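**Q** I'm passing along data_29.pdb; it holds PDB, C-alpha atoms, pLDDT in the B column.
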ATOM      1  CA  MET A   1       0.000   0.000   0.000  1.00 44.00           C
ATOM      2  CA  GLU A   2       2.890   2.371   0.649  1.00 47.00           C
ATOM      3  CA  LYS A   3       4.276   1.868  -2.829  1.00 51.00           C
ATOM      4  CA  ARG A   4       0.995   2.931  -4.247  1.00 52.00           C
ATOM      5  CA  ARG A   5       0.867   5.947  -1.980  1.00 50.00           C
ATOM      6  CA  GLY A   6       4.410   6.923  -2.977  1.00 48.00           C
ATOM      7  CA  LYS A   7       3.511   6.587  -6.618  1.00 55.00           C
ATOM      8  CA  SER A   8       0.475   8.832  -6.254  1.00 57.00           C
ATOM      9  CA  LEU A   9       2.563  11.437  -4.403  1.00 56.00           C
ATOM     10  CA  PHE A  10       5.087  11.298  -7.228  1.00 63.00           C
ATOM     11  CA  SER A  11       2.337  11.819  -9.776  1.00 77.00           C
ATOM     12  CA  LEU A  12       0.895  14.698  -7.768  1.00 72.00           C
ATOM     13  CA  SER A  13       4.302  16.381  -7.445  1.00 76.00           C
ATOM     14  CA  THR A  14       4.960  15.898 -11.176  1.00 77.00           C
ATOM     15  CA  LEU A  15       1.585  17.448 -11.942  1.00 72.00           C
ATOM     16  CA  LEU A  16       2.251  20.410  -9.629  1.00 73.00           C
ATOM     17  CA  ALA A  17       5.748  20.920 -11.048  1.00 76.00           C
ATOM     18  CA  SER A  18       4.463  20.998 -14.619  1.00 78.00           C
ATOM     19  CA  PHE A  19       1.667  23.385 -13.570  1.00 78.00           C
ATOM     20  CA  PHE A  20       4.151  25.776 -11.941  1.00 78.00           C
ATOM     21  CA  GLY A  21       6.499  25.461 -14.924  1.00 79.00           C
ATOM     22  CA  ALA A  22       3.682  26.411 -17.295  1.00 80.00           C
ATOM     23  CA  ALA A  23       2.694  29.293 -14.995  1.00 79.00           C
ATOM     24  CA  MET A  24       6.276  30.600 -14.996  1.00 84.00           C
ATOM     25  CA  ILE A  25       6.464  30.445 -18.797  1.00 84.00           C
ATOM     26  CA  ALA A  26       3.120  32.247 -19.100  1.00 77.00           C
ATOM     27  CA  GLY A  27       4.306  34.859 -16.592  1.00 78.00           C
ATOM     28  CA  ALA A  28       7.525  35.454 -18.536  1.00 76.00           C
ATOM     29  CA  PHE A  29       5.572  35.774 -21.789  1.00 70.00           C
ATOM     30  CA  ALA A  30       3.166  38.275 -20.204  1.00 69.00           C
ATOM     31  CA  TYR A  31       6.057  40.272 -18.737  1.00 68.00           C
ATOM     32  CA  PHE A  32       7.861  40.576 -22.080  1.00 64.00           C
ATOM     33  CA  ASN A  33       4.599  41.515 -23.832  1.00 61.00           C
ATOM     34  CA  TYR A  34       4.084  44.195 -21.182  1.00 61.00           C
ATOM     35  CA  LYS A  35       7.650  45.479 -21.586  1.00 59.00           C
ATOM     36  CA  PHE A  36       7.207  45.684 -25.367  1.00 54.00           C
ATOM     37  CA  SER A  37       3.909  47.524 -24.993  1.00 55.00           C
ATOM     38  CA  GLU A  38       5.744  50.034 -22.795  1.00 65.00           C
ATOM     39  CA  TYR A  39       7.509  51.318 -25.897  1.00 78.00           C
ATOM     40  CA  LYS A  40       6.226  54.755 -26.716  1.00 91.00           C
ATOM     41  CA  PHE A  41       4.958  56.493 -29.833  1.00 93.00           C
ATOM     42  CA  ILE A  42       5.958  59.837 -31.274  1.00 94.00           C
ATOM     43  CA  ASN A  43       3.806  61.684 -33.778  1.00 95.00           C
ATOM     44  CA  PHE A  44       5.794  64.266 -35.698  1.00 95.00           C
ATOM     45  CA  LYS A  45       2.586  66.080 -36.669  1.00 94.00           C
ATOM     46  CA  GLU A  46       1.723  66.676 -33.008  1.00 94.00           C
ATOM     47  CA  TRP A  47       5.229  67.357 -31.765  1.00 94.00           C
ATOM     48  CA  ILE A  48       6.953  69.922 -33.938  1.00 95.00           C
ATOM     49  CA  PHE A  49      10.724  69.697 -34.295  1.00 96.00           C
ATOM     50  CA  TYR A  50      12.803  72.082 -36.399  1.00 95.00           C
ATOM     51  CA  GLU A  51      15.820  71.558 -38.622  1.00 93.00           C
ATOM     52  CA  LYS A  52      17.814  74.769 -38.766  1.00 87.00           C
ATOM     53  CA  ASN A  53      14.908  77.016 -39.926  1.00 85.00           C
ATOM     54  CA  LYS A  54      12.249  74.623 -41.255  1.00 94.00           C
ATOM     55  CA  ILE A  55       9.851  72.104 -39.750  1.00 95.00           C
ATOM     56  CA  PHE A  56      11.195  68.539 -39.712  1.00 96.00           C
ATOM     57  CA  GLU A  57       9.189  65.983 -41.693  1.00 95.00           C
ATOM     58  CA  ALA A  58       9.975  62.342 -40.938  1.00 95.00           C
ATOM     59  CA  LYS A  59      10.254  60.281 -44.129  1.00 94.00           C
ATOM     60  CA  GLU A  60      12.553  57.330 -43.420  1.00 96.00           C
ATOM     61  CA  GLU A  61      11.384  53.922 -42.161  1.00 97.00           C
ATOM     62  CA  LYS A  62      13.723  54.001 -39.158  1.00 96.00           C
ATOM     63  CA  TYR A  63      15.792  56.559 -37.302  1.00 96.00           C
ATOM     64  CA  LEU A  64      18.349  56.400 -34.558  1.00 93.00           C
ATOM     65  CA  VAL A  65      17.398  59.067 -32.026  1.00 95.00           C
ATOM     66  CA  VAL A  66      20.275  60.581 -30.079  1.00 93.00           C
ATOM     67  CA  PHE A  67      19.358  62.884 -27.221  1.00 94.00           C
ATOM     68  CA  TYR A  68      22.505  64.825 -26.365  1.00 92.00           C
ATOM     69  CA  SER A  69      23.882  67.997 -24.857  1.00 90.00           C
ATOM     70  CA  SER A  70      25.668  70.432 -27.152  1.00 88.00           C
ATOM     71  CA  LYS A  71      27.583  71.659 -24.083  1.00 89.00           C
ATOM     72  CA  GLU A  72      29.561  68.388 -24.016  1.00 85.00           C
ATOM     73  CA  LYS A  73      32.960  68.605 -25.678  1.00 80.00           C
ATOM     74  CA  ASN A  74      33.146  67.691 -29.412  1.00 77.00           C
ATOM     75  CA  THR A  75      29.530  66.532 -29.516  1.00 79.00           C
ATOM     76  CA  MET A  76      28.577  67.956 -32.903  1.00 77.00           C
ATOM     77  CA  GLU A  77      31.826  66.820 -34.542  1.00 78.00           C
ATOM     78  CA  LEU A  78      31.343  63.254 -33.281  1.00 78.00           C
ATOM     79  CA  LEU A  79      27.712  63.145 -34.417  1.00 81.00           C
ATOM     80  CA  GLY A  80      28.609  64.602 -37.810  1.00 77.00           C
ATOM     81  CA  LYS A  81      31.382  62.025 -38.375  1.00 79.00           C
ATOM     82  CA  THR A  82      29.332  59.008 -37.276  1.00 80.00           C
ATOM     83  CA  GLU A  83      28.336  56.760 -40.154  1.00 79.00           C
ATOM     84  CA  LEU A  84      25.639  54.184 -39.512  1.00 84.00           C
ATOM     85  CA  SER A  85      23.103  52.280 -41.558  1.00 86.00           C
ATOM     86  CA  LEU A  86      20.332  54.434 -40.016  1.00 90.00           C
ATOM     87  CA  PRO A  87      19.873  58.187 -40.325  1.00 93.00           C
ATOM     88  CA  ILE A  88      20.439  59.966 -36.996  1.00 93.00           C
ATOM     89  CA  LEU A  89      17.986  62.382 -35.419  1.00 95.00           C
ATOM     90  CA  ALA A  90      20.124  64.386 -33.003  1.00 94.00           C
ATOM     91  CA  ILE A  91      17.989  66.235 -30.455  1.00 95.00           C
ATOM     92  CA  ASP A  92      19.920  68.809 -28.453  1.00 92.00           C
ATOM     93  CA  TYR A  93      18.933  69.436 -24.846  1.00 92.00           C
ATOM     94  CA  TYR A  94      19.936  73.089 -25.285  1.00 92.00           C
ATOM     95  CA  ASN A  95      18.134  73.525 -28.652  1.00 91.00           C
ATOM     96  CA  ASN A  96      21.127  75.076 -30.408  1.00 90.00           C
ATOM     97  CA  ILE A  97      20.808  75.509 -34.175  1.00 90.00           C
ATOM     98  CA  GLN A  98      23.163  73.225 -36.132  1.00 88.00           C
ATOM     99  CA  ALA A  99      23.595  72.564 -39.833  1.00 90.00           C
ATOM    100  CA  ASN A 100      22.749  68.985 -40.837  1.00 91.00           C
ATOM    101  CA  SER A 101      25.544  66.678 -41.892  1.00 87.00           C
ATOM    102  CA  LYS A 102      25.446  63.812 -44.401  1.00 86.00           C
ATOM    103  CA  GLN A 103      23.708  61.368 -42.059  1.00 88.00           C
ATOM    104  CA  THR A 104      22.751  63.460 -39.035  1.00 91.00           C
ATOM    105  CA  ILE A 105      19.672  65.663 -38.812  1.00 94.00           C
ATOM    106  CA  TYR A 106      19.956  68.130 -35.929  1.00 94.00           C
ATOM    107  CA  LEU A 107      16.604  68.911 -34.365  1.00 95.00           C
ATOM    108  CA  ARG A 108      15.409  71.498 -31.916  1.00 94.00           C
ATOM    109  CA  SER A 109      12.000  72.331 -30.514  1.00 95.00           C
ATOM    110  CA  GLY A 110      10.067  74.561 -28.191  1.00 93.00           C
ATOM    111  CA  THR A 111      10.209  74.047 -24.438  1.00 92.00           C
ATOM    112  CA  LYS A 112       6.841  72.281 -24.269  1.00 94.00           C
ATOM    113  CA  THR A 113       7.827  69.758 -26.951  1.00 95.00           C
ATOM    114  CA  SER A 114      11.260  69.199 -25.375  1.00 94.00           C
ATOM    115  CA  LEU A 115       9.760  68.541 -21.954  1.00 94.00           C
ATOM    116  CA  SER A 116       7.065  66.274 -23.416  1.00 94.00           C
ATOM    117  CA  PHE A 117       9.718  64.326 -25.343  1.00 95.00           C
ATOM    118  CA  ILE A 118      11.919  63.877 -22.254  1.00 94.00           C
ATOM    119  CA  GLN A 119       8.947  62.820 -20.148  1.00 93.00           C
ATOM    120  CA  ARG A 120       7.414  60.468 -22.743  1.00 93.00           C
ATOM    121  CA  PHE A 121      10.652  58.556 -23.264  1.00 93.00           C
ATOM    122  CA  ASN A 122      11.838  58.811 -19.646  1.00 90.00           C
ATOM    123  CA  ILE A 123      15.201  60.258 -20.586  1.00 92.00           C
ATOM    124  CA  TYR A 124      17.331  60.912 -17.527  1.00 89.00           C
ATOM    125  CA  GLU A 125      20.856  61.060 -18.940  1.00 89.00           C
ATOM    126  CA  SER A 126      22.720  62.467 -21.902  1.00 87.00           C
ATOM    127  CA  PRO A 127      23.659  61.147 -24.392  1.00 88.00           C
ATOM    128  CA  SER A 128      20.877  58.568 -24.705  1.00 91.00           C
ATOM    129  CA  ILE A 129      19.986  56.599 -27.819  1.00 90.00           C
ATOM    130  CA  PHE A 130      17.095  54.535 -29.144  1.00 93.00           C
ATOM    131  CA  ILE A 131      15.572  53.523 -32.464  1.00 93.00           C
ATOM    132  CA  ILE A 132      12.169  54.574 -33.758  1.00 96.00           C
ATOM    133  CA  LYS A 133      10.354  52.791 -36.565  1.00 96.00           C
ATOM    134  CA  LYS A 134       7.599  54.133 -38.811  1.00 96.00           C
ATOM    135  CA  TYR A 135       4.195  52.877 -37.736  1.00 93.00           C
ATOM    136  CA  LYS A 136       2.105  54.904 -40.202  1.00 91.00           C
ATOM    137  CA  ASP A 137       2.396  58.326 -41.824  1.00 91.00           C
ATOM    138  CA  SER A 138       4.165  60.571 -39.286  1.00 93.00           C
ATOM    139  CA  LEU A 139       3.592  58.203 -36.343  1.00 95.00           C
ATOM    140  CA  TYR A 140       6.702  56.353 -35.154  1.00 96.00           C
ATOM    141  CA  LYS A 141       7.070  53.729 -32.441  1.00 94.00           C
ATOM    142  CA  GLN A 142      10.080  53.203 -30.231  1.00 94.00           C
ATOM    143  CA  ASP A 143      11.801  50.083 -31.569  1.00 91.00           C
ATOM    144  CA  SER A 144      14.528  49.540 -28.956  1.00 87.00           C
ATOM    145  CA  MET A 145      15.249  50.184 -25.335  1.00 88.00           C
ATOM    146  CA  ILE A 146      16.680  53.552 -24.420  1.00 89.00           C
ATOM    147  CA  ARG A 147      20.374  53.213 -23.732  1.00 87.00           C
ATOM    148  CA  LYS A 148      22.776  55.596 -22.087  1.00 85.00           C
ATOM    149  CA  LEU A 149      26.058  56.084 -23.891  1.00 79.00           C
ATOM    150  CA  ASP A 150      29.204  56.637 -21.901  1.00 73.00           C
ATOM    151  CA  ASN A 151      30.246  58.973 -24.683  1.00 66.00           C
ATOM    152  CA  LEU A 152      29.402  59.580 -28.305  1.00 68.00           C
ATOM    153  CA  GLU A 153      32.647  57.987 -29.509  1.00 68.00           C
ATOM    154  CA  THR A 154      31.103  54.565 -28.728  1.00 70.00           C
ATOM    155  CA  LEU A 155      27.959  55.259 -30.771  1.00 72.00           C
ATOM    156  CA  SER A 156      28.867  53.059 -33.744  1.00 68.00           C
ATOM    157  CA  GLN A 157      29.695  50.116 -31.443  1.00 67.00           C
ATOM    158  CA  GLU A 158      26.565  50.591 -29.317  1.00 66.00           C
ATOM    159  CA  ILE A 159      24.199  50.714 -32.301  1.00 66.00           C
ATOM    160  CA  GLN A 160      25.325  47.234 -33.339  1.00 61.00           C
ATOM    161  CA  SER A 161      23.900  45.848 -30.066  1.00 62.00           C
ATOM    162  CA  LEU A 162      20.473  47.510 -30.414  1.00 61.00           C
TER     163      LEU A 162
END
I'd like the structure from this file rewritten - as structure tokens, please.

**A**
Amino acid sequence: MEKRRGKSLFSLSTLLASFFGAAMIAGAFAYFNYKFSEYKFINFKEWIFYEKNKIFEAKEEKYLVVFYSSKEKNTMELLGKTELSLPILAIDYYNNIQANSKQTIYLRSGTKTSLSFIQRFNIYESPSIFIIKKYKDSLYKQDSMIRKLDNLETLSQEIQSL
């Protein structure tokens, strides 16, 4: 009779283990779905950014967004020299006017748009980078986590890991 009881306990523990295993997998799936849904949208028709003296119109399928401070040493030179497979949208914390380079579009905006951008994407440090992907028309969705760069010289290495 004990053998039978041991066997039924084994079956019960196997059943419970598989139940908890399935629950953990479902929990992990739900967590990663939640984390992906946390990615934010940006509508360039609602939030107006300026290139030098004209309104920026997003046209590419993907952009690398770099939020930076023009007060940091050599920032504009490093951004201008960076060559990546994605065009760069460089948004300056101080909203200084810069001429675009071959692959970098320098953007600036009003205070309300700047604050909304910082708040929407939870940007706490500079320089920070992330990718946005066209969702439809002028609506873009964040397509990567926001990463802090130690410095802009590592930008080309960091983009490979996004």

**Q** Step by step, work through what the PyMOL selection byres ((chain A and resi 106) around 12) selects in the shown file, and finish by giving those residues as JSON, numbers by chain.

**A** {"A": [49, 50, 51, 52, 53, 54, 55, 56, 64, 65, 66, 67, 68, 69, 70, 75, 76, 79, 80, 87, 88, 89, 90, 91, 92, 93, 94, 95, 96, 97, 98, 99, 100, 101, 102, 103, 104, 105, 107, 108, 109]}

**Q** Grab the CA of Arg120 in chain A to CA of Phe29 in chain A distance for me, in Å with one decimal place.

**A** 24.8 Å

**Q** Mind giving me the straight-line distance from CA of Ile146 in chain A to CA of Phe130 in chain A in Å, one decimal?

**A**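 Between CA of Ile146 in chain A and CA of Phe130 in chain A the gap works out to 4.8 Å.
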
**Q** Counting all atoms listed in the file, figure out which residue out of A:Tyr63, A:Glu125, A:Lys141, A:Trp47 gets nearest to Gly110 in chain A.

**A**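 Ranked by minimum distance to Gly110 in chain A, first place goes to A:Trp47.
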
**Q** Which residues would end up in the selection if the PyMOL selection byres ((chain A and resi 83) around 8) were applied here, given that I need the answer as a list in words?

**A**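 After applying the PyMOL selection byres ((chain A and resi 83) around 8), what remains is Lys81, Thr82, Leu84, Ser85, Gln103 and Ser156 of chain A.
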
**Q** Using the file's own x, y and z axes, so that the box edges lie along x, y and z, what centre and edge lengths in Å (one decimal) does a box around every listed atom of range 15-30 of chain A get when 6 Å is added on each side? Give it as lines of an AutoDock Vina configuration file.

**A**
center_x = 4.6
center_y = 27.9
center_z = -15.7
size_x = 17.9
size_y = 32.8
size_z = 24.2

**Q** Could you check the closest approach to Lys73 in chain A for each of A:Leu139, A:Pro127, A:Lys134, A:Ala17 and tell me which residue wins, using all atoms listed in the file?

**A**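 Nearest candidate to Lys73 in chain A out of A:Leu139, A:Pro127, A:Lys134, A:Ala17: A:Pro127.
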
**Q** Work out how far CA of Ser126 in chain A is from CA of Lys148 in chain A, in Å to one decimal.

**A**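 Going from CA of Lys148 in chain A over to CA of Ser126 in chain A, I get 6.9 Å.
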
**Q** For each of A:Asp137, A:Glu77, A:Glu61, A:Glu72, take the minimum atom-to-atom distance to Asn43 in chain A, counting only C-alpha atoms, then give the residue where this is smallest.

**A**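 Counting only C-alpha atoms, the residue closest to Asn43 in chain A is A:Asp137.
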
**Q** Compare A:Lys112, A:Leu12, A:Ser144, A:Leu86 by their minimum atom-to-atom distance to Glu60 in chain A, counting all atoms listed in the file, and give me the closest one.

**A**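 Comparing A:Lys112, A:Leu12, A:Ser144, A:Leu86 against Glu60 in chain A, the winner is A:Leu86.
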
**Q** For Glu46 in chain A, please output as a VMD selection string all residues within 10 Å (counting only C-alpha atoms; exclusion window: fewer than 4 positions along the same chain).

**A** chain A and resid 42 113 138 to 139

**Q** Using the selection just defined, write its residues with C-alpha atoms as a short mmCIF file (atom, residue, chain, number, x, y, z; two decimals), in the frame of the given file.

**A**
data_model
loop_
_atom_site.label_atom_id
_atom_site.label_comp_id
_atom_site.auth_asym_id
_atom_site.auth_seq_id
_atom_site.Cartn_x
_atom_site.Cartn_y
_atom_site.Cartn_z
CA ILE A 42 5.96 59.84 -31.27
CA THR A 113 7.83 69.76 -26.95
CA SER A 138 4.16 60.57 -39.29
CA LEU A 139 3.59 58.20 -36.34
#

**Q** The PyMOL selection byres ((chain A and resi 145) around 9) - which residues does that actually catch in the file I just gave you? List them as a VMD selection string.

**A** chain A and resid 39 129 to 131 142 to 144 146 to 147 162

**Q** Which residue, A:Glu57, A:Ile48, A:Ser128, A:Asp150, has the smallest gap to Ser114 in chain A when you use all atoms listed in the file?

**A** A:Ile48
